[in-house]
Structure formats: structure tokens, C-alpha cells
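For reference, upload.txt is printed below; it contains compact mmCIF, C-alpha atoms.
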# COMPACT_ATOMS: atom_id res chain seq x y z
CA MET A 1 -72.57 -30.79 -10.84
CA ALA A 2 -69.24 -30.13 -9.15
CA ALA A 3 -66.85 -33.05 -9.07
CA GLN A 4 -67.95 -35.46 -6.36
CA LYS A 5 -65.48 -36.85 -3.92
CA GLY A 6 -63.70 -39.75 -5.53
CA ALA A 7 -65.28 -39.09 -8.93
CA GLN A 8 -63.06 -39.39 -11.93
CA THR A 9 -61.84 -36.06 -13.24
CA ALA A 10 -60.12 -35.07 -16.45
CA THR A 11 -58.20 -32.05 -17.61
CA VAL A 12 -59.29 -29.70 -20.37
CA SER A 13 -57.58 -26.66 -21.83
CA MET A 14 -59.14 -24.09 -24.12
CA THR A 15 -59.05 -20.41 -24.92
CA VAL A 16 -61.89 -18.33 -23.52
CA ASN A 17 -62.23 -14.69 -24.58
CA GLY A 18 -58.61 -14.72 -25.70
CA LYS A 19 -57.17 -16.15 -22.48
CA PRO A 20 -55.86 -19.70 -22.08
CA VAL A 21 -57.75 -21.59 -19.35
CA THR A 22 -57.41 -25.05 -17.89
CA GLY A 23 -59.70 -27.04 -15.65
CA ASP A 24 -59.72 -30.35 -13.84
CA ILE A 25 -63.34 -31.36 -14.15
CA ASP A 26 -65.90 -34.11 -13.82
CA PRO A 27 -66.40 -35.49 -17.36
CA ARG A 28 -70.10 -34.60 -17.07
CA THR A 29 -69.33 -30.89 -16.91
CA LEU A 30 -71.13 -29.02 -19.69
CA LEU A 31 -69.42 -26.08 -21.33
CA VAL A 32 -71.94 -23.71 -19.74
CA GLN A 33 -71.12 -25.08 -16.28
CA PHE A 34 -67.41 -24.78 -16.96
CA LEU A 35 -67.89 -21.15 -18.00
CA ARG A 36 -70.17 -20.19 -15.14
CA GLU A 37 -68.91 -22.29 -12.24
CA ASN A 38 -65.21 -22.76 -12.95
CA LEU A 39 -64.44 -19.51 -14.75
CA ARG A 40 -67.16 -17.40 -13.06
CA LEU A 41 -68.27 -16.04 -16.42
CA THR A 42 -71.93 -15.79 -15.52
CA GLY A 43 -73.06 -13.75 -18.52
CA THR A 44 -73.86 -17.01 -20.32
CA HIS A 45 -77.19 -18.17 -18.93
CA VAL A 46 -78.92 -21.49 -18.45
CA GLY A 47 -82.55 -21.15 -19.46
CA CYS A 48 -84.19 -24.40 -20.48
CA ASP A 49 -81.11 -26.64 -20.21
CA THR A 50 -82.61 -28.69 -23.08
CA SER A 51 -81.03 -26.98 -26.13
CA GLN A 52 -84.17 -25.07 -27.04
CA CYS A 53 -84.06 -21.58 -25.57
CA GLY A 54 -80.65 -20.28 -26.66
CA ALA A 55 -79.85 -18.33 -23.45
CA CYS A 56 -76.56 -20.29 -23.34
CA VAL A 57 -75.35 -19.51 -26.88
CA VAL A 58 -71.59 -18.85 -27.15
CA HIS A 59 -69.19 -19.05 -30.08
CA VAL A 60 -66.85 -22.03 -30.39
CA ASN A 61 -64.21 -21.70 -33.09
CA GLY A 62 -66.22 -18.82 -34.53
CA LYS A 63 -69.60 -20.56 -34.65
CA ALA A 64 -72.64 -20.12 -32.42
CA ILE A 65 -73.47 -23.22 -30.39
CA LYS A 66 -75.57 -24.06 -27.34
CA SER A 67 -73.17 -24.39 -24.44
CA CYS A 68 -75.67 -26.49 -22.46
CA THR A 69 -75.37 -29.21 -25.10
CA VAL A 70 -71.65 -29.82 -25.33
CA LEU A 71 -69.26 -31.31 -22.80
CA ALA A 72 -66.37 -29.07 -21.84
CA LEU A 73 -64.07 -32.05 -22.44
CA GLN A 74 -65.13 -32.13 -26.10
CA LEU A 75 -63.60 -28.69 -26.59
CA GLU A 76 -59.94 -29.42 -25.92
CA GLY A 77 -57.97 -26.67 -27.68
CA ALA A 78 -61.09 -24.80 -28.80
CA ASP A 79 -61.46 -21.03 -29.02
CA VAL A 80 -64.52 -19.89 -27.06
CA LEU A 81 -66.09 -16.42 -27.13
CA THR A 82 -68.72 -15.47 -24.55
CA ILE A 83 -70.77 -12.30 -24.09
CA GLU A 84 -68.04 -11.03 -21.72
CA GLY A 85 -65.50 -11.16 -24.55
CA LEU A 86 -67.53 -9.30 -27.13
CA ALA A 87 -66.36 -5.83 -26.13
CA PRO A 88 -63.32 -4.65 -24.18
CA PRO A 89 -63.96 -4.60 -20.37
CA ASN A 90 -64.07 -0.83 -19.96
CA GLY A 91 -64.50 0.16 -23.57
CA PRO A 92 -67.62 0.93 -25.58
CA LEU A 93 -70.27 -1.75 -26.08
CA HIS A 94 -70.15 -3.96 -29.15
CA PRO A 95 -72.40 -2.46 -31.88
CA MET A 96 -74.88 -5.32 -31.43
CA GLN A 97 -75.07 -4.70 -27.68
CA GLU A 98 -75.51 -0.98 -28.33
CA ALA A 99 -78.29 -1.72 -30.82
CA PHE A 100 -80.17 -3.81 -28.24
CA ARG A 101 -79.96 -0.89 -25.81
CA GLU A 102 -80.99 1.71 -28.39
CA ASN A 103 -83.93 -0.33 -29.66
CA HIS A 104 -85.15 -1.54 -26.29
CA GLY A 105 -84.44 -5.09 -27.44
CA LEU A 106 -84.80 -6.53 -23.96
CA GLN A 107 -87.00 -6.42 -20.93
CA CYS A 108 -85.83 -8.78 -18.21
CA GLY A 109 -82.56 -9.41 -20.06
CA PHE A 110 -82.25 -13.09 -19.31
CA CYS A 111 -82.21 -14.21 -22.96
CA THR A 112 -80.17 -11.21 -24.13
CA PRO A 113 -76.61 -12.65 -23.98
CA GLY A 114 -77.72 -15.60 -26.11
CA MET A 115 -79.67 -13.33 -28.44
CA ILE A 116 -76.64 -11.13 -28.98
CA MET A 117 -74.23 -14.03 -29.56
CA THR A 118 -76.72 -15.52 -32.04
CA ALA A 119 -77.14 -12.14 -33.73
CA VAL A 120 -73.38 -11.66 -34.19
CA ASP A 121 -73.13 -15.16 -35.67
CA MET A 122 -76.09 -14.33 -37.93
CA VAL A 123 -74.21 -11.32 -39.32
CA ARG A 124 -71.14 -13.48 -39.94
CA ARG A 125 -73.20 -15.93 -41.98
CA LYS A 126 -75.86 -13.73 -43.56
CA GLY A 127 -74.25 -10.30 -43.89
CA HIS A 128 -75.18 -6.81 -42.75
CA ASP A 129 -78.50 -6.35 -44.52
CA LEU A 130 -80.90 -8.61 -42.68
CA ASP A 131 -84.61 -8.49 -43.43
CA ASP A 132 -87.24 -9.30 -40.79
CA ARG A 133 -87.99 -12.71 -42.23
CA THR A 134 -84.36 -13.81 -42.17
CA ILE A 135 -83.89 -12.56 -38.62
CA ARG A 136 -87.04 -14.29 -37.37
CA GLU A 137 -86.10 -17.56 -39.07
CA GLU A 138 -82.58 -17.38 -37.70
CA LEU A 139 -83.97 -16.82 -34.18
CA GLU A 140 -85.59 -20.25 -34.29
CA GLY A 141 -83.36 -21.41 -31.44
CA ASN A 142 -83.60 -18.34 -29.18
CA ILE A 143 -86.63 -17.85 -27.00
CA CYS A 144 -87.66 -14.61 -25.28
CA ARG A 145 -90.66 -14.67 -22.95
CA CYS A 146 -90.94 -10.90 -22.46
CA THR A 147 -90.65 -8.86 -25.60
CA GLY A 148 -92.69 -10.58 -28.27
CA TYR A 149 -89.50 -10.34 -30.38
CA HIS A 150 -90.46 -7.16 -32.21
CA ASN A 151 -87.74 -4.97 -30.74
CA ILE A 152 -85.22 -7.80 -30.79
CA VAL A 153 -85.71 -8.07 -34.55
CA LYS A 154 -85.32 -4.29 -34.88
CA ALA A 155 -82.20 -4.34 -32.71
CA ILE A 156 -80.56 -7.11 -34.73
CA ALA A 157 -81.26 -5.35 -38.04
CA ALA A 158 -79.76 -2.13 -36.64
CA GLY A 159 -76.84 -3.92 -35.01
CA ALA A 160 -76.04 -5.74 -38.23
CA ARG A 161 -75.90 -2.44 -40.10
CA ALA A 162 -73.79 -0.86 -37.37
CA MET A 163 -71.30 -3.74 -37.53
CA ARG A 164 -70.53 -2.90 -41.14
CA GLY A 165 -66.93 -1.80 -41.27
CA SER A 166 -66.67 -1.83 -37.51
CA ALA A 167 -63.40 -3.20 -36.15
CA THR A 168 -65.27 -5.47 -33.78
CA THR A 169 -66.96 -7.27 -36.67
CA SER A 170 -63.93 -9.27 -37.61
CA LYS A 171 -62.94 -9.77 -33.99
CA ALA A 172 -66.30 -11.17 -33.05
CA ALA A 173 -66.51 -13.27 -36.16
CA GLU A 174 -63.11 -14.89 -35.68
CA MET B 175 -76.41 -37.17 -16.02
CA TYR B 176 -75.07 -40.44 -14.71
CA ALA B 177 -71.30 -40.60 -14.29
CA PHE B 178 -69.25 -41.98 -17.16
CA THR B 179 -65.67 -42.48 -18.20
CA PHE B 180 -64.67 -40.21 -21.07
CA HIS B 181 -62.44 -41.39 -23.90
CA ARG B 182 -60.87 -39.31 -26.63
CA PRO B 183 -59.52 -41.69 -29.28
CA GLN B 184 -57.53 -40.23 -32.16
CA THR B 185 -58.32 -42.84 -34.78
CA VAL B 186 -61.36 -44.82 -35.88
CA ARG B 187 -59.43 -48.00 -35.05
CA GLN B 188 -58.90 -46.84 -31.45
CA ALA B 189 -62.57 -45.90 -31.17
CA ALA B 190 -63.63 -49.30 -32.51
CA GLY B 191 -61.29 -50.99 -30.04
CA LEU B 192 -62.87 -49.08 -27.15
CA LEU B 193 -66.35 -49.99 -28.40
CA ALA B 194 -65.39 -53.65 -28.69
CA LYS B 195 -64.07 -53.67 -25.12
CA ASN B 196 -67.01 -51.79 -23.60
CA GLY B 197 -70.31 -53.17 -24.81
CA ASP B 198 -72.41 -50.41 -23.24
CA ALA B 199 -70.23 -47.56 -24.50
CA LYS B 200 -71.71 -44.79 -26.65
CA LEU B 201 -70.03 -42.85 -29.43
CA LEU B 202 -70.38 -39.08 -29.01
CA ALA B 203 -70.40 -37.16 -32.31
CA GLY B 204 -72.07 -33.73 -32.27
CA GLY B 205 -73.99 -34.71 -29.16
CA GLN B 206 -77.20 -32.85 -30.04
CA THR B 207 -79.29 -35.94 -29.28
CA LEU B 208 -77.11 -38.05 -27.03
CA LEU B 209 -76.30 -35.31 -24.50
CA PRO B 210 -79.93 -34.19 -23.98
CA THR B 211 -80.87 -37.86 -23.62
CA MET B 212 -78.14 -38.38 -21.03
CA LYS B 213 -79.17 -35.22 -19.17
CA LEU B 214 -82.69 -36.64 -18.87
CA ARG B 215 -81.14 -39.92 -17.66
CA LEU B 216 -82.88 -41.72 -20.50
CA ALA B 217 -79.39 -42.91 -21.43
CA GLY B 218 -76.57 -43.61 -19.01
CA PRO B 219 -73.65 -45.08 -20.86
CA PRO B 220 -70.80 -45.97 -18.48
CA GLN B 221 -68.30 -45.06 -21.21
CA VAL B 222 -68.51 -42.16 -23.65
CA ILE B 223 -66.22 -42.21 -26.67
CA ASP B 224 -65.80 -38.73 -28.12
CA MET B 225 -65.14 -38.52 -31.85
CA THR B 226 -63.90 -34.90 -31.90
CA LEU B 227 -60.18 -35.64 -32.11
CA ILE B 228 -60.46 -38.21 -34.90
CA GLU B 229 -59.23 -36.61 -38.09
CA GLY B 230 -60.58 -37.18 -41.56
CA LEU B 231 -64.19 -37.88 -40.61
CA SER B 232 -65.64 -34.64 -41.92
CA GLY B 233 -65.71 -33.23 -45.40
CA ILE B 234 -67.70 -33.24 -48.60
CA GLU B 235 -66.55 -34.42 -52.00
CA MET B 236 -67.82 -35.47 -55.39
CA SER B 237 -66.35 -38.76 -56.47
CA GLY B 238 -67.48 -39.86 -59.90
CA ARG B 239 -71.26 -39.81 -59.92
CA SER B 240 -71.76 -39.74 -56.21
CA LEU B 241 -71.51 -37.26 -53.40
CA THR B 242 -69.64 -38.44 -50.33
CA ILE B 243 -70.12 -36.79 -46.94
CA GLY B 244 -67.94 -37.59 -43.93
CA ALA B 245 -69.79 -38.86 -40.84
CA MET B 246 -68.73 -35.91 -38.66
CA THR B 247 -69.80 -33.28 -41.19
CA THR B 248 -72.22 -30.88 -39.52
CA HIS B 249 -75.70 -30.06 -40.76
CA ASN B 250 -74.57 -26.47 -41.29
CA ASP B 251 -71.68 -27.58 -43.51
CA VAL B 252 -74.00 -29.74 -45.63
CA ASN B 253 -76.57 -26.94 -45.80
CA THR B 254 -74.08 -24.30 -46.97
CA SER B 255 -71.77 -26.43 -49.13
CA PRO B 256 -71.73 -25.22 -52.77
CA VAL B 257 -70.85 -28.81 -53.77
CA VAL B 258 -73.99 -30.23 -52.13
CA GLN B 259 -76.13 -27.31 -53.30
CA GLN B 260 -75.08 -28.02 -56.87
CA ALA B 261 -75.16 -31.84 -56.81
CA ILE B 262 -78.22 -32.51 -54.62
CA PRO B 263 -79.89 -29.21 -53.69
CA SER B 264 -82.69 -31.03 -51.87
CA LEU B 265 -80.13 -32.57 -49.49
CA ALA B 266 -78.59 -29.17 -48.72
CA LYS B 267 -82.07 -27.80 -48.08
CA LEU B 268 -83.00 -30.72 -45.81
CA ALA B 269 -79.90 -30.16 -43.68
CA GLY B 270 -80.97 -26.54 -43.21
CA MET B 271 -84.34 -27.67 -41.84
CA ILE B 272 -82.83 -29.59 -38.92
CA GLY B 273 -83.06 -27.97 -35.47
CA ASP B 274 -81.85 -24.37 -35.33
CA PRO B 275 -78.62 -22.63 -36.44
CA ALA B 276 -76.71 -23.43 -33.23
CA VAL B 277 -77.78 -27.07 -33.29
CA ARG B 278 -76.75 -27.29 -36.95
CA HIS B 279 -73.26 -26.10 -36.00
CA ARG B 280 -72.79 -29.21 -33.83
CA GLY B 281 -75.08 -31.98 -35.07
CA THR B 282 -73.62 -34.42 -37.60
CA ILE B 283 -74.96 -36.58 -40.41
CA GLY B 284 -73.32 -39.73 -39.01
CA GLY B 285 -74.79 -39.13 -35.57
CA SER B 286 -78.27 -38.60 -36.96
CA ILE B 287 -78.17 -41.73 -39.09
CA ALA B 288 -76.70 -43.94 -36.36
CA ASN B 289 -79.41 -42.79 -33.96
CA ASN B 290 -82.24 -43.37 -36.49
CA ASP B 291 -84.77 -41.29 -34.61
CA PRO B 292 -88.19 -42.01 -36.17
CA ASN B 293 -88.71 -38.26 -36.66
CA ALA B 294 -85.24 -37.40 -37.99
CA ASP B 295 -84.73 -35.93 -41.46
CA TYR B 296 -81.52 -37.58 -42.67
CA PRO B 297 -82.86 -41.16 -42.65
CA ALA B 298 -85.48 -39.99 -45.19
CA ALA B 299 -82.74 -38.54 -47.40
CA CYS B 300 -80.62 -41.70 -47.19
CA LEU B 301 -83.51 -44.00 -48.02
CA GLY B 302 -85.05 -41.56 -50.50
CA LEU B 303 -81.82 -41.18 -52.45
CA GLY B 304 -80.62 -44.78 -52.16
CA ALA B 305 -77.49 -43.82 -50.22
CA THR B 306 -74.75 -46.18 -49.10
CA ILE B 307 -73.60 -45.98 -45.49
CA ILE B 308 -69.87 -46.66 -45.27
CA THR B 309 -68.44 -47.96 -41.99
CA ASN B 310 -65.05 -49.04 -40.72
CA LYS B 311 -66.04 -52.57 -41.78
CA ARG B 312 -68.27 -52.48 -44.85
CA ARG B 313 -70.71 -50.67 -47.11
CA ILE B 314 -74.40 -50.91 -46.20
CA LYS B 315 -77.24 -49.91 -48.51
CA ALA B 316 -79.75 -47.56 -46.90
CA ASP B 317 -82.45 -50.16 -47.71
CA ASP B 318 -80.69 -52.57 -45.34
CA PHE B 319 -79.43 -50.04 -42.80
CA PHE B 320 -82.54 -48.67 -41.08
CA THR B 321 -84.02 -51.64 -39.25
CA GLY B 322 -86.63 -49.98 -37.02
CA MET B 323 -87.17 -47.21 -34.52
CA PHE B 324 -83.76 -46.20 -33.06
CA SER B 325 -82.34 -49.35 -34.59
CA THR B 326 -79.83 -49.91 -37.41
CA ALA B 327 -77.80 -52.68 -39.01
CA LEU B 328 -74.66 -51.40 -37.25
CA GLU B 329 -72.82 -54.11 -35.35
CA PRO B 330 -71.41 -53.49 -31.86
CA ALA B 331 -67.97 -52.15 -32.83
CA GLU B 332 -69.00 -50.69 -36.15
CA ILE B 333 -68.57 -46.96 -36.83
CA ILE B 334 -70.03 -44.90 -39.67
CA THR B 335 -67.24 -43.08 -41.49
CA LYS B 336 -69.00 -41.72 -44.59
CA VAL B 337 -72.28 -41.61 -46.43
CA SER B 338 -72.32 -41.79 -50.20
CA PHE B 339 -75.28 -40.43 -52.20
CA PRO B 340 -75.83 -41.18 -55.89
CA ILE B 341 -76.80 -38.03 -57.78
CA PRO B 342 -80.51 -38.03 -58.63
CA LYS B 343 -81.99 -36.41 -61.70
CA LYS B 344 -84.78 -34.93 -59.61
CA ALA B 345 -85.37 -34.88 -55.87
CA ALA B 346 -87.18 -32.94 -53.17
CA TYR B 347 -88.02 -33.12 -49.49
CA GLN B 348 -91.21 -31.87 -47.91
CA LYS B 349 -91.45 -31.61 -44.15
CA PHE B 350 -94.56 -31.00 -42.08
CA ARG B 351 -93.24 -29.74 -38.78
CA ASN B 352 -94.54 -30.25 -35.31
CA GLN B 353 -95.23 -26.61 -34.41
CA ALA B 354 -93.55 -26.85 -31.01
CA SER B 355 -90.56 -29.14 -31.47
CA ARG B 356 -90.08 -28.40 -35.19
CA PHE B 357 -89.35 -32.10 -35.74
CA ALA B 358 -90.98 -33.77 -38.74
CA LEU B 359 -94.49 -34.83 -37.87
CA VAL B 360 -94.22 -36.30 -41.35
CA GLY B 361 -91.45 -35.81 -43.90
CA VAL B 362 -91.39 -37.22 -47.42
CA PHE B 363 -88.31 -37.45 -49.64
CA VAL B 364 -88.82 -38.30 -53.32
CA SER B 365 -86.22 -38.88 -56.00
CA LYS B 366 -85.88 -40.01 -59.59
CA ARG B 367 -82.65 -41.39 -60.98
CA GLY B 368 -83.01 -43.09 -64.35
CA SER B 369 -85.85 -45.56 -63.92
CA GLU B 370 -85.38 -45.73 -60.16
CA ILE B 371 -88.03 -43.87 -58.21
CA ARG B 372 -87.91 -43.59 -54.44
CA VAL B 373 -90.44 -42.27 -51.94
CA ALA B 374 -89.20 -42.36 -48.35
CA VAL B 375 -91.22 -41.29 -45.33
CA THR B 376 -89.99 -40.21 -41.90
CA GLY B 377 -91.95 -39.18 -38.82
CA ALA B 378 -95.05 -41.18 -39.69
CA GLY B 379 -94.21 -44.84 -39.25
CA ALA B 380 -94.27 -46.56 -35.88
CA ASN B 381 -91.20 -48.45 -37.06
CA GLY B 382 -89.15 -45.53 -38.35
CA VAL B 383 -88.37 -44.49 -41.91
CA PHE B 384 -89.96 -46.51 -44.75
CA ARG B 385 -90.53 -46.55 -48.51
CA VAL B 386 -93.96 -46.41 -50.16
CA ALA B 387 -93.97 -49.02 -52.94
CA SER B 388 -97.44 -48.10 -54.25
CA PHE B 389 -96.42 -44.44 -54.73
CA GLU B 390 -93.16 -45.46 -56.41
CA GLU B 391 -95.05 -47.70 -58.86
CA ALA B 392 -97.49 -44.92 -59.70
CA LEU B 393 -94.66 -42.43 -60.24
CA LYS B 394 -92.86 -44.84 -62.59
CA LYS B 395 -95.59 -44.27 -65.16
CA ARG B 396 -95.19 -40.54 -64.94
CA PHE B 397 -93.15 -38.56 -62.40
CA ALA B 398 -95.81 -35.95 -61.66
CA PRO B 399 -98.06 -35.07 -58.69
CA LYS B 400 -101.08 -36.13 -60.77
CA SER B 401 -99.86 -39.74 -60.71
CA LEU B 402 -100.46 -39.75 -56.94
CA GLU B 403 -103.86 -38.07 -57.07
CA GLY B 404 -106.30 -39.67 -54.66
CA MET B 405 -103.65 -42.06 -53.36
CA SER B 406 -102.94 -42.52 -49.68
CA ILE B 407 -101.47 -45.18 -47.45
CA PRO B 408 -103.20 -47.28 -44.80
CA ALA B 409 -103.18 -45.89 -41.25
CA ASP B 410 -102.04 -49.27 -39.94
CA GLY B 411 -98.50 -49.01 -38.63
CA MET B 412 -98.55 -45.21 -38.42
CA ASN B 413 -97.64 -43.42 -35.22
CA SER B 414 -100.52 -42.08 -33.21
CA ASP B 415 -99.92 -39.62 -30.40
CA ILE B 416 -100.92 -36.25 -28.96
CA HIS B 417 -99.46 -34.51 -32.05
CA GLY B 418 -101.46 -36.40 -34.66
CA SER B 419 -103.50 -39.54 -35.18
CA ALA B 420 -102.40 -42.43 -37.39
CA GLU B 421 -105.07 -41.41 -39.92
CA TYR B 422 -103.81 -37.83 -40.00
CA ARG B 423 -100.23 -38.95 -40.54
CA ALA B 424 -101.28 -41.37 -43.30
CA HIS B 425 -103.15 -38.51 -44.99
CA LEU B 426 -100.12 -36.21 -44.71
CA VAL B 427 -97.91 -38.80 -46.42
CA GLY B 428 -100.05 -38.49 -49.55
CA VAL B 429 -100.21 -34.70 -49.42
CA LEU B 430 -96.49 -34.26 -48.83
CA ALA B 431 -95.53 -36.82 -51.48
CA ARG B 432 -97.52 -34.85 -54.06
CA ARG B 433 -95.93 -31.60 -52.92
CA ALA B 434 -92.47 -33.15 -53.01
CA VAL B 435 -92.92 -34.44 -56.54
CA ALA B 436 -94.20 -31.03 -57.60
CA GLU B 437 -91.16 -29.37 -56.06
CA ALA B 438 -88.84 -31.92 -57.67
CA ILE B 439 -90.15 -31.10 -61.15
CA GLY B 440 -90.25 -27.39 -60.42
CA LYS B 441 -94.00 -26.91 -60.20
CA SER B 442 -96.26 -25.81 -57.40
CA ALA B 443 -98.61 -28.51 -56.13
Would you write the structure of this file as C-alpha cells?
Amino acid sequence: MAAQKGAQTATVSMTVNGKPVTGDIDPRTLLVQFLRENLRLTGTHVGCDTSQCGACVVHVNGKAIKSCTVLALQLEGADVLTIEGLAPPNGPLHPMQEAFRENHGLQCGFCTPGMIMTAVDMVRRKGHDLDDRTIREELEGNICRCTGYHNIVKAIAAGARAMRGSATTSKAAE
Amino acid sequence: MYAFTFHRPQTVRQAAGLLAKNGDAKLLAGGQTLLPTMKLRLAGPPQVIDMTLIEGLSGIEMSGRSLTIGAMTTHNDVNTSPVVQQAIPSLAKLAGMIGDPAVRHRGTIGGSIANNDPNADYPAACLGLGATIITNKRRIKADDFFTGMFSTALEPAEIITKVSFPIPKKAAYQKFRNQASRFALVGVFVSKRGSEIRVAVTGAGANGVFRVASFEEALKKRFAPKSLEGMSIPADGMNSDIHGSAEYRAHLVGVLARRAVAEAIGKSA
């Protein structure tokens, strides 16, 4: 949905992964489109595009939201964290990412960025000791069509424990 | 999505002015219903008025014997607020049953009530607790506010600013979820405050949320699940669709009302 010729545009400024960004966009632009098409941050995925699957989950002002269900223009001045901003570009993976790798918490990987952003938010709200029931309930809004969830649940429990005391915990939870 | 002009007013007065000038405009709160509806082109407002920059519309406070929640307060904030959890735990619990965690971080109480979706949870809480909906113009009792499916008493340039809930002595909400959408196939909110008993039902009625006078009368004698034993409501006027027949929904109203009363008095049904 790039701006059509002659269509009204509006300006939005926000912080994405610590960097100030500005865009002149069609008002219809969803946050996920702004991230993927304007900023070329394609780690955030569009799965269902109907706020059900959670592949598009990012953090806005420290809270997990579905970026397919918010207009970029609504987020003037907001602080956005995407999967690309979770760990330093050439540094080690974030503990939650590492836990997904260790526990084989993905197969095709399409839902994984949203799963990981949801998992980090889950730790912020529910702490580092997450039982299976809590994790499964909290994954209500994230759908995976490959794994059957078993290893995702294991990965999140392990990642939550690994985030304890880790420097990235507070960074990701900001 | 159809094209629209986007407005970002900074005060309720500015927003009301924009609404008054543009009859087809829509207010955008958390957007968890309006944006999906616009994406499906089921709604195509030429003007969208975003509430994000308006200050003072979110927050939770106890004032005297009632709990007041700002219209832009998110479901997550209601769910996790110690003030709500202490004053009306059933309301905090209900907010935590809406959508999923990410949706609860955006969706707002004012947006849900203004939309009056026949399957939404908050209308049941408002009607079941006898809430007052406060707008930029007046105070509207929940009994007068919900006027039918997707329809409310709100006038064209009227904006919900707060919702005020009297504190019940006992209350509970029971929700029977559609297994796929997780919306309420039927939800029943019951409360007791002094001699006032309320039983409000969402999800079931073809005309949106409603009260069940016969159940309320029965519970006046004794606020216990036994008072409702064998009682049900007529299937006339119930929704009937692929998810459940009118008869099934009418049956669930009785079952869930008994369970809600049991929960409210701390017993298992």
C-alpha cells in the first residue's frame, strides 16, 4: 500500500531499535508496512494480517503489540523494538533467541520473530520462572503451523531462565 | 483499506469539533476492532480521528464508592491494576479474558463499549454492574446506553471519557468461548450490591447485551446457584449461527448464570 500518486500523505517520527526515523506516508500505512517497506526491517512478518497469528508482534513503548493492527501515524514519538533490535548486530544472540535455537523451537521460522518478541514481553510481565500452562496461555495470540508448540514452550521456559540477570533483560524490557 | 484523512486532535473538545464537522468520521482508540474492520473494507470512514494524543483519558481511580476508569485505559491495565483487582476483581479478570496479550496492550474500554459488539465482554460488565458511562456531554446509565447490536445512545459528536462502576458486594463473570475466535459465545455477568441484583448476558442475544429479569427476581430471594435451578430463558431472540443454535445459547445462559453466582459466592457450581 505505497502512497498513490496524489494521495494525501502525513509525516510520522518515532524511534525504532534506538534510532530516530521519520517517514512521509499514506495514512493507511500500518506499522508493519512502515517497518518492512519504508525501513526495510523485514524480520517482522505478516502472517494472517488479521491480528490473530502474532507473526508481526513488536514492542511499542515496552509492550508487545500486533504491528498489523496499528497505524504508523498513531505512534508519533513512540519507541519501537523489533526482532532486529533485540541483540547487537554482530554480537551474541539474545538469550531468548539462543533458547529457540538450542531447543529446536522452530521449523520453518516464519512465526519465530513474533514468538520471540511475545516471549520477551512475557518474561517482563510474568517473570523468569514460567510454567507450561502460563506459557501456553500467554501464547494465545501466536500461531505456529509447524511445531505443535512443544519445543516453543520448552524454548520460552529456558529463555526466560537464561534472561535472569542478563544485561539484555532490562534492555529488551525497556 | 479505503483512503481516509487522518486527524490527531489534542483535546476532547477538538475531537468533538472534528466529529461534529464530519458526520461519517470515526474515532480511533486502540483500533483492535476498527482497524481490522477497515482492512476488510467493512468500514470506510473518510475521516479517522485518532485519540492517542489526547491527554487525561486513561487511568484508574477510586472515588468514594465507585471505581472510575478512563476511556483510553487498555484491557491490560484494567486486568493488572491492583486498584481494580481489589475493588472489583471480577472486572479485572474479565479484562484479562479479552483477545490475547498483544491485543490487550492496545484495546481500550471506551472503544469496546462504544462499539457494542454483541459478543464483547465489557458491555456485560457495564450492564451487570450498573455502570455509568461518562461522556463529554453527560452521564448515561448502562441500562440506557446499549441500544442494540453495534448501537449505543451516543449522539453524533459525543465521546466517552470515563466509565464509573459502583462497587458490588459480590460479582463474577463466566464466559463460554468460541473455540476458534475466543469471543464469548455466551458470557454472563452477575452482581449483588445491597438489594440490587443484576444478571447481564453478552454473546447470546440477537440484539446485543441484555438483562435477565426472571433470574434477577429469583436471586433476590437468595443469591445462590440453587435459586436458578431448572431455570432457563426462551430461545426467541437468541442468536443462531454456525457456532451455536438459539436453543443452545439459551441453555448456556442458564448454565453460566449458575456458575457465575457460584463463583461470586466463592463456591463451585
Report task. Compile the residues of chain B that lie within 10 Å of chain A, evaluated using all atoms listed in the file, and express the compilation as a ChimeraX atom specification. Result -> /B:175-182,202-214,222,224-227,254,273-280,355-356
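CA of Glu329 in chain B is positioned 22.6 Å from CA of Asp295 in chain B.
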Query raised in the report: Just how far from CA of Asn17 in chain A is CA of Gly85 in chain A, in Å to one decimal?
Result: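 Between these atoms lies a distance of 4.8 Å.
Going from CA of Ala190 in chain B over to CA of Ala331 in chain B, you cover 5.2 Å.
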Query raised in the report: What lies within 12 Å of Gly18 in chain A using all atoms listed in the file, ignoring chain neighbours under 2 positions off, as a list in words?
Result: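 The residues satisfying every condition are Met14, Thr15, Val16, Pro20, Val21, Val60, Asn61, Ala78, Asp79, Val80, Leu81, Thr82, Glu84, Gly85, Leu86, Ala87, Pro88, Lys171, Ala172 and Glu174 of chain A.
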Report task. Find the residues near Val360 in chain B: any atom within 8 Å, counting only C-alpha atoms, skip ones fewer than 5 places away on the same chain, and give them as a PyMOL selection string. Result -> chain B and resi 293+349-351+375-378+423+426-427
I'd like the contact shell of Lys441 in chain B - 10 Å cut-off, all atoms listed in the file, skipping same-chain residues fewer than 5 positions apart - returned as an mmCIF file with C-alpha atoms, in the coordinates of the input.
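out15.cif, written as the output of this step:
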data_model
loop_
_atom_site.group_PDB
_atom_site.id
_atom_site.type_symbol
_atom_site.label_atom_id
_atom_site.label_comp_id
_atom_site.auth_asym_id
_atom_site.auth_seq_id
_atom_site.Cartn_x
_atom_site.Cartn_y
_atom_site.Cartn_z
ATOM 1 C CA ALA B 398 -95.810 -35.950 -61.660
ATOM 2 C CA PRO B 399 -98.060 -35.070 -58.690
ATOM 3 C CA ARG B 433 -95.930 -31.600 -52.920
ATOM 4 C CA ALA B 434 -92.470 -33.150 -53.010
ATOM 5 C CA VAL B 435 -92.920 -34.440 -56.540
ATOM 6 C CA ALA B 436 -94.200 -31.030 -57.600
#
